[in-house]
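query17.cif follows (mmCIF, C-alpha atoms):
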data_entry
#
loop_
_atom_site.label_atom_id
_atom_site.label_comp_id
_atom_site.auth_asym_id
_atom_site.auth_seq_id
_atom_site.Cartn_x
_atom_site.Cartn_y
_atom_site.Cartn_z
CA MET A 23 14.10 -9.60 -30.07
CA SER A 24 17.43 -7.96 -30.67
CA ASP A 25 17.10 -6.00 -27.43
CA LEU A 26 17.49 -9.17 -25.41
CA VAL A 27 21.18 -8.64 -24.71
CA ILE A 28 21.06 -4.91 -24.09
CA PRO A 29 21.64 -4.31 -20.36
CA GLY A 30 19.35 -1.30 -20.59
CA ASN A 31 16.34 -3.59 -20.15
CA VAL A 32 17.66 -5.12 -16.95
CA PRO A 33 14.97 -3.63 -14.66
CA TYR A 34 12.25 -5.26 -16.74
CA PHE A 35 13.97 -8.63 -16.54
CA ILE A 36 14.40 -8.26 -12.79
CA SER A 37 10.70 -7.60 -12.41
CA VAL A 38 9.91 -10.65 -14.56
CA ALA A 39 12.23 -12.72 -12.35
CA LEU A 40 10.51 -11.43 -9.21
CA LEU A 41 7.13 -12.22 -10.74
CA LEU A 42 8.22 -15.78 -11.46
CA ILE A 43 9.60 -16.20 -7.92
CA GLY A 44 6.28 -15.01 -6.51
CA LEU A 45 4.32 -17.24 -8.86
CA TYR A 46 6.47 -20.23 -7.93
CA ALA A 47 5.83 -19.60 -4.25
CA MET A 48 2.11 -19.36 -4.89
CA VAL A 49 1.92 -22.56 -6.93
CA ALA A 50 4.56 -24.85 -5.44
CA ARG A 51 4.61 -24.02 -1.73
CA ARG A 52 2.18 -25.92 0.45
CA ASN A 53 2.14 -23.49 3.37
CA LEU A 54 -0.63 -20.90 3.00
CA ILE A 55 1.45 -18.14 4.63
CA LYS A 56 4.20 -18.75 2.07
CA LYS A 57 1.62 -18.50 -0.68
CA ILE A 58 0.65 -15.06 0.65
CA MET A 59 4.32 -14.09 0.73
CA GLY A 60 4.55 -15.16 -2.90
CA LEU A 61 1.54 -12.99 -3.68
CA ASN A 62 3.33 -10.03 -2.13
CA ILE A 63 6.53 -10.68 -4.07
CA LEU A 64 4.44 -10.89 -7.24
CA SER A 65 2.71 -7.56 -6.59
CA THR A 66 6.07 -5.97 -5.78
CA SER A 67 7.33 -7.09 -9.16
CA VAL A 68 4.40 -5.31 -10.79
CA PHE A 69 5.22 -2.10 -8.89
CA LEU A 70 8.86 -2.35 -9.96
CA PHE A 71 7.77 -2.84 -13.56
CA LEU A 72 5.49 0.22 -13.50
CA ILE A 73 8.18 2.40 -11.93
CA ALA A 74 10.73 1.14 -14.47
CA VAL A 75 8.38 1.89 -17.37
CA ALA A 76 7.95 5.45 -16.12
CA ASP A 77 11.66 6.16 -16.22
CA LYS A 78 13.29 8.46 -18.71
CA ARG A 79 17.05 8.49 -18.75
CA GLY A 80 18.29 11.59 -16.93
CA GLY A 81 14.77 12.64 -16.02
CA ALA A 82 14.16 14.48 -12.76
CA PRO A 83 11.58 13.30 -10.22
CA PRO A 84 8.16 14.70 -11.21
CA ILE A 85 8.39 17.66 -8.85
CA THR A 86 8.30 20.81 -10.90
CA VAL A 87 11.42 22.93 -10.49
CA PRO A 88 12.10 26.00 -12.63
CA GLY A 89 14.76 25.32 -15.24
CA VAL A 90 14.22 21.55 -15.44
CA ASP A 91 12.59 20.25 -18.59
CA LEU A 92 12.87 16.49 -18.43
CA TYR A 93 10.82 14.66 -15.82
CA VAL A 94 9.97 11.01 -15.44
CA ASN A 95 6.37 10.12 -16.21
CA PRO A 96 4.29 10.70 -13.04
CA LEU A 97 1.29 8.65 -14.13
CA PRO A 98 2.68 5.12 -13.43
CA HIS A 99 3.68 6.30 -9.96
CA THR A 100 0.07 7.10 -9.18
CA LEU A 101 -1.00 3.71 -10.51
CA VAL A 102 1.52 2.05 -8.19
CA LEU A 103 -0.20 3.78 -5.26
CA THR A 104 -3.48 2.19 -6.27
CA GLY A 105 -1.74 -1.15 -6.61
CA ILE A 106 -0.19 -0.90 -3.14
CA VAL A 107 -3.59 -0.19 -1.60
CA VAL A 108 -5.13 -3.20 -3.33
CA ALA A 109 -2.19 -5.42 -2.32
CA LEU A 110 -2.53 -4.30 1.30
CA ALA A 111 -6.26 -5.01 1.34
CA LEU A 112 -5.74 -8.39 -0.32
CA THR A 113 -2.93 -9.39 2.05
CA SER A 114 -4.84 -8.42 5.17
CA PHE A 115 -7.96 -10.30 4.15
CA ALA A 116 -5.95 -13.35 3.06
CA LEU A 117 -4.16 -13.39 6.43
CA VAL A 118 -7.50 -13.22 8.22
CA LEU A 119 -8.76 -16.17 6.20
CA VAL A 120 -5.56 -18.05 7.08
CA ILE A 121 -6.15 -17.34 10.79
CA LYS A 122 -9.68 -18.64 10.44
CA ILE A 123 -8.55 -21.75 8.55
CA TYR A 124 -5.96 -22.49 11.21
CA GLN A 125 -8.52 -22.02 13.97
CA GLU A 126 -10.91 -24.41 12.25
CA HIS A 127 -8.55 -27.11 11.02
CA GLY A 128 -5.28 -26.66 12.89
CA THR A 129 -3.13 -26.78 9.77
CA LEU A 130 -1.84 -24.45 7.08
CA ASP A 131 -0.84 -27.22 4.70
CA ALA A 132 -2.71 -26.81 1.42
CA ASP A 133 -2.45 -30.52 0.60
CA ARG A 134 -3.91 -31.62 3.91
CA LEU A 135 -6.63 -28.96 3.64
CA MET A 136 -7.61 -30.32 0.24
CA LYS A 137 -8.18 -33.78 1.75
CA LEU A 138 -10.56 -32.48 4.41
CA MET B 23 8.78 -34.97 -8.89
CA SER B 24 5.27 -34.55 -7.59
CA ARG B 25 2.35 -33.38 -9.65
CA ARG B 26 2.42 -30.01 -7.92
CA ASP B 27 6.04 -29.40 -8.90
CA LEU B 28 5.28 -30.36 -12.48
CA VAL B 29 2.38 -27.88 -12.60
CA ALA B 30 4.62 -25.22 -11.04
CA VAL B 31 7.43 -25.73 -13.53
CA LEU B 32 5.02 -25.77 -16.48
CA THR B 33 3.35 -22.55 -15.29
CA LEU B 34 6.68 -20.85 -14.78
CA VAL B 35 7.99 -21.89 -18.20
CA VAL B 36 4.86 -20.72 -20.02
CA VAL B 37 4.35 -17.46 -18.11
CA GLY B 38 8.06 -16.71 -17.94
CA GLY B 39 8.53 -17.38 -21.63
CA ILE B 40 5.72 -15.03 -22.61
CA MET B 41 6.95 -12.34 -20.21
CA VAL B 42 10.56 -12.54 -21.37
CA LEU B 43 9.49 -12.31 -25.02
CA VAL B 44 7.35 -9.24 -24.29
CA VAL B 45 9.96 -7.54 -22.14
CA ALA B 46 12.73 -8.22 -24.65
CA ASP B 47 10.68 -6.47 -27.30
CA MET B 48 10.06 -3.37 -25.21
CA PRO B 49 11.93 -0.11 -25.85
CA ALA B 50 15.12 0.12 -23.85
CA PHE B 51 14.83 1.19 -20.22
CA GLY B 52 14.63 4.96 -19.94
CA SER B 53 14.22 5.63 -23.66
CA LEU B 54 14.03 9.30 -24.49
CA GLY B 55 12.53 9.28 -27.98
CA PRO B 56 9.41 11.33 -28.68
CA GLN B 57 7.30 8.19 -29.02
CA TYR B 58 7.96 6.95 -25.47
CA ASN B 59 6.30 8.25 -22.34
CA VAL B 60 4.83 11.34 -23.97
CA MET B 61 2.25 11.68 -21.21
CA TYR B 62 4.72 13.39 -18.91
CA GLU B 63 4.73 16.44 -21.15
CA LYS B 64 0.99 16.71 -20.73
CA PHE B 65 1.33 16.71 -16.97
CA THR B 66 4.41 18.71 -16.07
CA GLY B 67 3.70 22.39 -16.13
CA ARG B 68 -0.03 21.89 -16.49
CA VAL B 69 -0.24 20.15 -13.13
CA VAL B 70 1.24 23.18 -11.41
CA GLN B 71 -1.13 25.50 -13.23
CA GLU B 72 -4.30 23.51 -12.73
CA THR B 73 -3.82 22.04 -9.26
CA GLY B 74 -1.29 24.33 -7.59
CA ALA B 75 0.77 21.32 -6.50
CA VAL B 76 4.46 21.28 -7.37
CA ASN B 77 4.59 17.50 -6.92
CA ALA B 78 2.99 16.12 -10.08
CA VAL B 79 2.20 12.73 -8.51
CA THR B 80 0.23 14.32 -5.68
CA GLY B 81 -1.43 16.69 -8.10
CA ILE B 82 -2.65 13.75 -10.13
CA ILE B 83 -3.84 11.44 -7.34
CA LEU B 84 -5.48 14.11 -5.20
CA ASP B 85 -6.90 16.36 -7.90
CA TYR B 86 -7.33 14.77 -11.34
CA ARG B 87 -7.86 11.36 -9.83
CA ALA B 88 -9.39 12.46 -6.52
CA TYR B 89 -12.45 10.37 -7.25
CA ASP B 90 -10.25 7.33 -7.79
CA THR B 91 -8.47 8.04 -4.50
CA LEU B 92 -11.84 8.16 -2.79
CA GLY B 93 -12.38 4.70 -4.25
CA GLU B 94 -9.03 3.61 -2.82
CA THR B 95 -9.96 4.75 0.66
CA THR B 96 -13.20 2.83 0.20
CA VAL B 97 -11.14 -0.24 -0.70
CA LEU B 98 -9.32 0.14 2.62
CA LEU B 99 -12.63 0.57 4.42
CA VAL B 100 -14.04 -2.56 2.81
CA ALA B 101 -10.85 -4.49 3.64
CA ILE B 102 -11.29 -3.53 7.30
CA MET B 103 -14.96 -4.45 7.21
CA GLY B 104 -14.18 -7.85 5.71
CA THR B 105 -11.37 -8.43 8.20
CA MET B 106 -13.50 -7.52 11.17
CA ALA B 107 -16.48 -9.50 9.94
CA ALA B 108 -14.36 -12.59 9.36
CA LEU B 109 -12.58 -12.28 12.71
CA GLY B 110 -15.75 -11.57 14.62
CA ALA B 111 -14.78 -8.26 16.17
CA GLY B 112 -15.88 -7.59 19.72
CA ALA B 113 -15.64 -11.19 20.89
CA VAL B 114 -12.09 -10.82 22.23
CA HIS B 115 -11.52 -12.76 25.40
CA PRO B 116 -11.02 -10.23 28.25
CA ALA B 117 -8.22 -12.26 29.84
CA ALA B 118 -6.20 -12.40 26.61
CA GLY B 119 -3.90 -9.59 27.70
CA ALA B 120 -1.44 -11.80 29.55
CA ALA B 121 -0.41 -13.68 26.44
CA ALA B 122 0.10 -10.58 24.36
CA GLY B 123 2.77 -8.53 26.10
CA ARG B 124 5.14 -11.40 26.69
CA PRO B 125 7.17 -11.82 23.47
CA LEU B 126 8.37 -8.22 23.22
CA ASP B 127 8.32 -7.32 26.89
CA SER B 128 11.77 -5.75 26.71
CA ARG B 129 12.75 -2.72 28.73
CA ILE B 130 15.47 -1.65 26.28
CA LEU B 131 13.16 -1.85 23.29
CA ALA B 132 10.46 0.09 25.09
CA LEU B 133 12.90 2.80 26.13
CA VAL B 134 14.39 3.20 22.66
CA LEU B 135 11.01 3.26 20.99
CA ARG B 136 9.70 5.82 23.45
CA VAL B 137 12.35 8.15 22.02
CA VAL B 138 12.00 7.07 18.40
CA ILE B 139 8.22 7.03 18.04
CA PRO B 140 7.56 10.78 18.48
CA PHE B 141 10.12 11.59 15.81
CA THR B 142 8.65 8.96 13.51
CA GLN B 143 5.21 10.46 13.92
CA LEU B 144 6.54 13.97 13.39
CA PHE B 145 8.19 12.81 10.18
CA GLY B 146 4.93 11.20 9.11
CA LEU B 147 3.08 14.48 9.67
CA PHE B 148 5.77 16.31 7.70
CA VAL B 149 5.36 13.90 4.79
CA ILE B 150 1.57 14.33 4.86
CA PHE B 151 1.60 18.11 5.02
CA ASN B 152 4.34 18.46 2.40
CA GLY B 153 2.78 16.01 -0.02
CA HIS B 154 2.18 18.72 -2.61
CA LEU B 155 5.71 20.10 -2.32
CA SER B 156 8.03 17.11 -1.90
CA PRO B 157 7.91 13.36 -2.37
CA GLY B 158 5.27 11.81 -0.19
CA GLY B 159 1.69 12.61 0.57
CA GLY B 160 -1.19 11.11 2.48
CA PHE B 161 -0.43 7.48 1.69
CA ALA B 162 3.29 7.57 2.52
CA GLY B 163 2.87 9.71 5.63
CA GLY B 164 -0.07 7.68 6.84
CA THR B 165 2.00 4.51 6.50
CA ILE B 166 4.81 6.03 8.55
CA ILE B 167 2.41 7.07 11.34
CA GLY B 168 0.67 3.71 11.20
CA ALA B 169 4.03 1.93 11.55
CA SER B 170 4.83 4.01 14.62
CA LEU B 171 1.45 3.15 16.14
CA ILE B 172 2.09 -0.55 15.52
CA LEU B 173 5.56 -0.27 17.09
CA GLY B 174 4.02 1.38 20.12
CA ALA B 175 1.40 -1.33 20.41
CA LEU B 176 4.12 -4.00 20.17
CA VAL B 177 6.26 -2.83 23.07
CA SER B 178 3.93 -1.12 25.54
CA ASN B 179 2.88 -4.27 27.40
CA TYR B 180 0.10 -4.24 24.93
CA ARG B 181 -3.27 -5.37 26.21
CA PRO B 182 -5.84 -5.96 23.54
CA GLY B 183 -8.80 -3.86 24.48
CA ARG B 184 -11.70 -2.61 22.54
CA ARG B 185 -10.79 1.01 23.21
CA ALA B 186 -7.80 1.41 20.89
CA GLU B 187 -9.59 -0.48 18.19
CA VAL B 188 -12.78 1.56 18.47
CA ARG B 189 -10.75 4.76 18.45
CA SER B 190 -8.91 3.87 15.26
CA GLU B 191 -12.16 2.74 13.66
CA ILE B 192 -13.73 6.11 14.46
CA VAL B 193 -10.75 7.96 12.96
CA GLU B 194 -11.01 5.75 9.92
CA SER B 195 -14.69 6.40 9.25
CA ALA B 196 -14.36 10.09 10.10
CA SER B 197 -11.55 10.54 7.59
CA VAL B 198 -13.67 9.11 4.79
CA GLY B 199 -16.47 11.46 5.89
CA TRP B 200 -14.06 14.39 5.83
CA TYR B 201 -12.98 13.41 2.32
CA LEU B 202 -16.63 13.37 1.20
CA LEU B 203 -17.26 16.76 2.83
CA VAL B 204 -14.33 18.25 0.92
CA GLY B 205 -15.85 16.77 -2.22
CA PHE B 206 -19.27 18.26 -1.52
CA ALA B 207 -17.70 21.71 -1.20
CA GLY B 208 -17.26 21.50 -4.97
CA LEU B 209 -20.97 20.83 -5.42
CA LEU B 210 -21.89 23.78 -3.18
CA ALA B 211 -19.73 26.06 -5.32
CA GLY B 212 -21.60 24.91 -8.41
CA LYS B 213 -18.78 22.77 -9.77
CA ALA B 214 -18.27 19.05 -10.07
CA PHE B 215 -17.85 16.73 -7.09
CA LEU B 216 -14.27 16.90 -5.75
CA SER B 217 -13.25 19.75 -8.03
CA ASN B 218 -10.34 21.84 -6.87
CA ALA B 219 -9.58 24.85 -9.05
CA GLY B 220 -12.24 27.52 -8.71
CA VAL B 221 -13.55 26.12 -5.42
CA PHE B 222 -10.48 26.31 -3.22
CA PRO B 223 -7.80 29.01 -3.49
CA LEU B 224 -4.82 27.47 -5.23
CA GLY B 225 -2.28 29.84 -3.71
CA THR B 226 1.27 30.26 -4.92
CA PRO B 227 2.74 26.95 -6.12
CA GLY B 228 5.62 25.88 -3.92
CA MET B 229 4.31 27.56 -0.77
CA PRO B 230 3.16 25.48 2.24
CA PHE B 231 -0.49 26.52 1.82
CA SER B 232 -1.03 25.93 -1.85
CA GLY B 233 -2.87 23.43 -3.96
CA GLY B 234 -6.35 24.16 -2.60
CA MET B 235 -8.08 21.01 -1.47
CA ILE B 236 -5.00 18.82 -1.91
CA LEU B 237 -3.85 19.55 1.64
CA LEU B 238 -7.32 18.83 3.05
CA VAL B 239 -7.66 15.57 1.14
CA SER B 240 -4.09 14.60 2.02
CA MET B 241 -4.95 14.93 5.71
CA ALA B 242 -7.97 12.66 5.21
CA VAL B 243 -5.92 10.05 3.36
CA GLY B 244 -3.12 10.17 5.95
CA ALA B 245 -5.51 9.66 8.87
CA LYS B 246 -7.26 6.93 6.94
CA VAL B 247 -4.12 4.96 6.10
CA ALA B 248 -2.64 5.28 9.61
CA SER B 249 -5.84 4.14 11.31
CA THR B 250 -6.29 1.35 8.77
CA MET B 251 -2.86 -0.05 9.55
CA GLN B 252 -3.54 0.13 13.26
CA THR B 253 -6.96 -1.46 12.96
CA LEU B 254 -5.69 -4.28 10.77
CA PHE B 255 -2.80 -4.95 13.14
CA LEU B 256 -5.01 -4.96 16.22
CA GLY B 257 -7.58 -7.11 14.48
CA LEU B 258 -5.02 -9.69 13.41
CA VAL B 259 -3.41 -9.73 16.86
CA HIS B 260 -6.81 -10.21 18.49
CA GLY B 261 -7.68 -13.04 16.16
CA GLY B 262 -4.37 -14.78 16.88
CA ILE B 263 -4.59 -14.26 20.63
CA ARG B 264 -8.11 -15.59 20.75
CA HIS B 265 -6.89 -18.73 19.08
CA GLU B 266 -4.02 -19.12 21.54
CA ARG B 267 -6.38 -18.79 24.47
CA GLU B 268 -8.76 -21.32 23.03
CA ALA B 269 -5.92 -23.76 22.50
CA GLU B 270 -4.80 -23.37 26.12
CA ARG B 271 -8.23 -24.20 27.43
#

As structure tokens, the full file:
Amino acid sequence: MSDLVIPGNVPYFISVALLLIGLYAMVARRNLIKKIMGLNILSTSVFLFLIAVADKRGGAPPITVPGVDLYVNPLPHTLVLTGIVVALALTSFALVLVIKIYQEHGTLDADRLMKL
Amino acid sequence: MSRRDLVAVLTLVVVGGIMVLVVADMPAFGSLGPQYNVMYEKFTGRVVQETGAVNAVTGIILDYRAYDTLGETTVLLVAIMGTMAALGAGAVHPAAGAAAGRPLDSRILALVLRVVIPFTQLFGLFVIFNGHLSPGGGFAGGTIIGASLILGALVSNYRPGRRAEVRSEIVESASVGWYLLVGFAGLLAGKAFLSNAGVFPLGTPGMPFSGGMILLVSMAVGAKVASTMQTLFLGLVHGGIRHEREAER
């Protein structure tokens, strides 16, 4: 708990803040498109968190160069790639469903859709 | 305050509280101690030896985790299949072209992009073919090329036709097939599926033609990602246009 004030953890807190912004958009917004935007902000926060976790102070990018010993951890970077692919697939399919919902009902308002 | 806002605030307080507690207890950002992030030592050095790729990230995703990357391309394929199935591909109204070109029908934009797009695509190819040497790889390069294709579709008095869509769908399926073929080369050589070292010549690390199958797989992933972006864009545009036309009627 004592690390709370150390500015060294700032990237983690930023990613938590982004996650909360995305979550708020997903829960509180009524427009379905804005919910999808919130989903994207949320997944971006996860990517930022993974990249931040991989960091080592003063570490070089994980591209092997003779004479450099300290690299950042390459494994979270590869996991972020997987996450981006999943986020893309999710976003595209969600947008298609939104198009279909709008074609059927003529509204993107979650409250009005619930009453149908 | 509506019920929805109350639920939102409660969710944020609970989730945010848990997250802040966890994050506050984590080791400081960029900690160097021997107990943090030890995995990197296992990868650097060994990646170059075992995969021939100087870029450790590419070495991991396209060699150690090549099977996982095959799964990722399958995820993209399934996303396209779901999108197309939900949109009802093929039922695009033939007269929908008039509505499409209008919003971005700008001569200046078209002229500028005609100059910019070739360079964008060249850069995308560079990123794909240098994935094992410098930051980038199939995913990043494919995204760049896909973005240029979308830009082109936006400004070129774009008429939704089946041809562009069918073409990008063929590229998409063919790239997954190419990926599988590269994988089966490992089986033919008596090794595991998608194995690199011992099947393909690894070459000298740091040279353009090194890393064995990484270059081949990177090409497949690049083509796959670029065509996926184009197909998704065209599919979404078609779905929207169809709706517009139906509303006009």

Once the PyMOL selection byres ((chain A) within 8 of (chain B)) has been evaluated on this model, what residues remain selected, and can you format them as a PyMOL selection string?
chain A and resi 23-26+28+30-35+38+42+45-46+49-50+74-79+84-87+93-97+99-100+103-104+107-108+111-112+114-115+117-119+121-122+125

Mind giving me the straight-line distance from atom CA of Leu202 of chain B to atom CA of Ala116 of chain A in Å, one decimal?
28.8 Å

Can you pull out every residue within 12 Å of Arg134 of chain A, counting all atoms listed in the file, but drop anything in the same chain fewer than 2 positions away, and send it as a ChimeraX atom specification?
/A:52-54,123-124,127-132,136-138

Would you mind exporting the chosen residues as a CSV table (one decimal), in the coordinates of the input, restricted to C-alpha atoms?
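Output (part-v5.csv):
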chain,number,residue,atom,x,y,z
A,52,ARG,CA,2.2,-25.9,0.4
A,53,ASN,CA,2.1,-23.5,3.4
A,54,LEU,CA,-0.6,-20.9,3.0
A,123,ILE,CA,-8.6,-21.8,8.6
A,124,TYR,CA,-6.0,-22.5,11.2
A,127,HIS,CA,-8.6,-27.1,11.0
A,128,GLY,CA,-5.3,-26.7,12.9
A,129,THR,CA,-3.1,-26.8,9.8
A,130,LEU,CA,-1.8,-24.4,7.1
A,131,ASP,CA,-0.8,-27.2,4.7
A,132,ALA,CA,-2.7,-26.8,1.4
A,136,MET,CA,-7.6,-30.3,0.2
A,137,LYS,CA,-8.2,-33.8,1.8
A,138,LEU,CA,-10.6,-32.5,4.4

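With atom CA of Gly146 of chain B on one side and atom CA of Val239 of chain B on the other, the separation reads 15.5 Å.
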
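Taking atom CA of Ala175 of chain B and atom CA of Gln252 of chain B as endpoints, the distance between them is 8.8 Å.
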
Start from the incomplete input, build N, CA and C atoms for segment 90-109 of chain A, and deliver everything as a PDB file, in the frame of the given file.
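Output saved as rebuild-v5.pdb:
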ATOM      1  N   VAL A  90      14.097  22.978 -15.102  1.00  0.00           N
ATOM      2  CA  VAL A  90      14.220  21.550 -15.440  1.00  0.00           C
ATOM      3  C   VAL A  90      13.142  21.212 -16.450  1.00  0.00           C
ATOM      4  N   ASP A  91      13.549  20.557 -17.530  1.00  0.00           N
ATOM      5  CA  ASP A  91      12.590  20.250 -18.590  1.00  0.00           C
ATOM      6  C   ASP A  91      12.176  18.794 -18.610  1.00  0.00           C
ATOM      7  N   LEU A  92      13.110  17.914 -18.249  1.00  0.00           N
ATOM      8  CA  LEU A  92      12.870  16.490 -18.430  1.00  0.00           C
ATOM      9  C   LEU A  92      12.496  15.852 -17.097  1.00  0.00           C
ATOM     10  N   TYR A  93      11.261  15.364 -17.035  1.00  0.00           N
ATOM     11  CA  TYR A  93      10.820  14.660 -15.820  1.00  0.00           C
ATOM     12  C   TYR A  93      10.447  13.244 -16.189  1.00  0.00           C
ATOM     13  N   VAL A  94      10.499  12.343 -15.184  1.00  0.00           N
ATOM     14  CA  VAL A  94       9.970  11.010 -15.440  1.00  0.00           C
ATOM     15  C   VAL A  94       8.448  11.119 -15.450  1.00  0.00           C
ATOM     16  N   ASN A  95       7.821  10.098 -16.045  1.00  0.00           N
ATOM     17  CA  ASN A  95       6.370  10.120 -16.210  1.00  0.00           C
ATOM     18  C   ASN A  95       5.691   9.911 -14.847  1.00  0.00           C
ATOM     19  N   PRO A  96       4.888  10.862 -14.375  1.00  0.00           N
ATOM     20  CA  PRO A  96       4.290  10.700 -13.040  1.00  0.00           C
ATOM     21  C   PRO A  96       3.110   9.734 -13.011  1.00  0.00           C
ATOM     22  N   LEU A  97       2.535   9.429 -14.151  1.00  0.00           N
ATOM     23  CA  LEU A  97       1.290   8.650 -14.130  1.00  0.00           C
ATOM     24  C   LEU A  97       1.474   7.227 -13.576  1.00  0.00           C
ATOM     25  N   PRO A  98       2.513   6.457 -14.021  1.00  0.00           N
ATOM     26  CA  PRO A  98       2.680   5.120 -13.430  1.00  0.00           C
ATOM     27  C   PRO A  98       2.881   5.155 -11.926  1.00  0.00           C
ATOM     28  N   HIS A  99       3.506   6.211 -11.402  1.00  0.00           N
ATOM     29  CA  HIS A  99       3.680   6.300  -9.960  1.00  0.00           C
ATOM     30  C   HIS A  99       2.333   6.316  -9.248  1.00  0.00           C
ATOM     31  N   THR A 100       1.389   7.059  -9.814  1.00  0.00           N
ATOM     32  CA  THR A 100       0.070   7.100  -9.180  1.00  0.00           C
ATOM     33  C   THR A 100      -0.623   5.747  -9.275  1.00  0.00           C
ATOM     34  N   LEU A 101      -0.384   5.028 -10.386  1.00  0.00           N
ATOM     35  CA  LEU A 101      -1.000   3.710 -10.510  1.00  0.00           C
ATOM     36  C   LEU A 101      -0.410   2.735  -9.491  1.00  0.00           C
ATOM     37  N   VAL A 102       0.898   2.906  -9.194  1.00  0.00           N
ATOM     38  CA  VAL A 102       1.520   2.050  -8.190  1.00  0.00           C
ATOM     39  C   VAL A 102       0.855   2.260  -6.835  1.00  0.00           C
ATOM     40  N   LEU A 103       0.501   3.512  -6.528  1.00  0.00           N
ATOM     41  CA  LEU A 103      -0.200   3.780  -5.260  1.00  0.00           C
ATOM     42  C   LEU A 103      -1.482   2.963  -5.180  1.00  0.00           C
ATOM     43  N   THR A 104      -2.257   2.994  -6.254  1.00  0.00           N
ATOM     44  CA  THR A 104      -3.480   2.190  -6.270  1.00  0.00           C
ATOM     45  C   THR A 104      -3.166   0.726  -6.058  1.00  0.00           C
ATOM     46  N   GLY A 105      -2.101   0.252  -6.736  1.00  0.00           N
ATOM     47  CA  GLY A 105      -1.740  -1.150  -6.610  1.00  0.00           C
ATOM     48  C   GLY A 105      -1.350  -1.515  -5.187  1.00  0.00           C
ATOM     49  N   ILE A 106      -0.614  -0.615  -4.512  1.00  0.00           N
ATOM     50  CA  ILE A 106      -0.190  -0.900  -3.140  1.00  0.00           C
ATOM     51  C   ILE A 106      -1.408  -1.025  -2.236  1.00  0.00           C
ATOM     52  N   VAL A 107      -2.392  -0.136  -2.440  1.00  0.00           N
ATOM     53  CA  VAL A 107      -3.590  -0.190  -1.600  1.00  0.00           C
ATOM     54  C   VAL A 107      -4.305  -1.523  -1.803  1.00  0.00           C
ATOM     55  N   VAL A 108      -4.432  -1.940  -3.052  1.00  0.00           N
ATOM     56  CA  VAL A 108      -5.130  -3.200  -3.330  1.00  0.00           C
ATOM     57  C   VAL A 108      -4.346  -4.368  -2.732  1.00  0.00           C
ATOM     58  N   ALA A 109      -2.996  -4.328  -2.870  1.00  0.00           N
ATOM     59  CA  ALA A 109      -2.190  -5.420  -2.320  1.00  0.00           C
ATOM     60  C   ALA A 109      -2.333  -5.493  -0.811  1.00  0.00           C
TER      61      ALA A 109
END
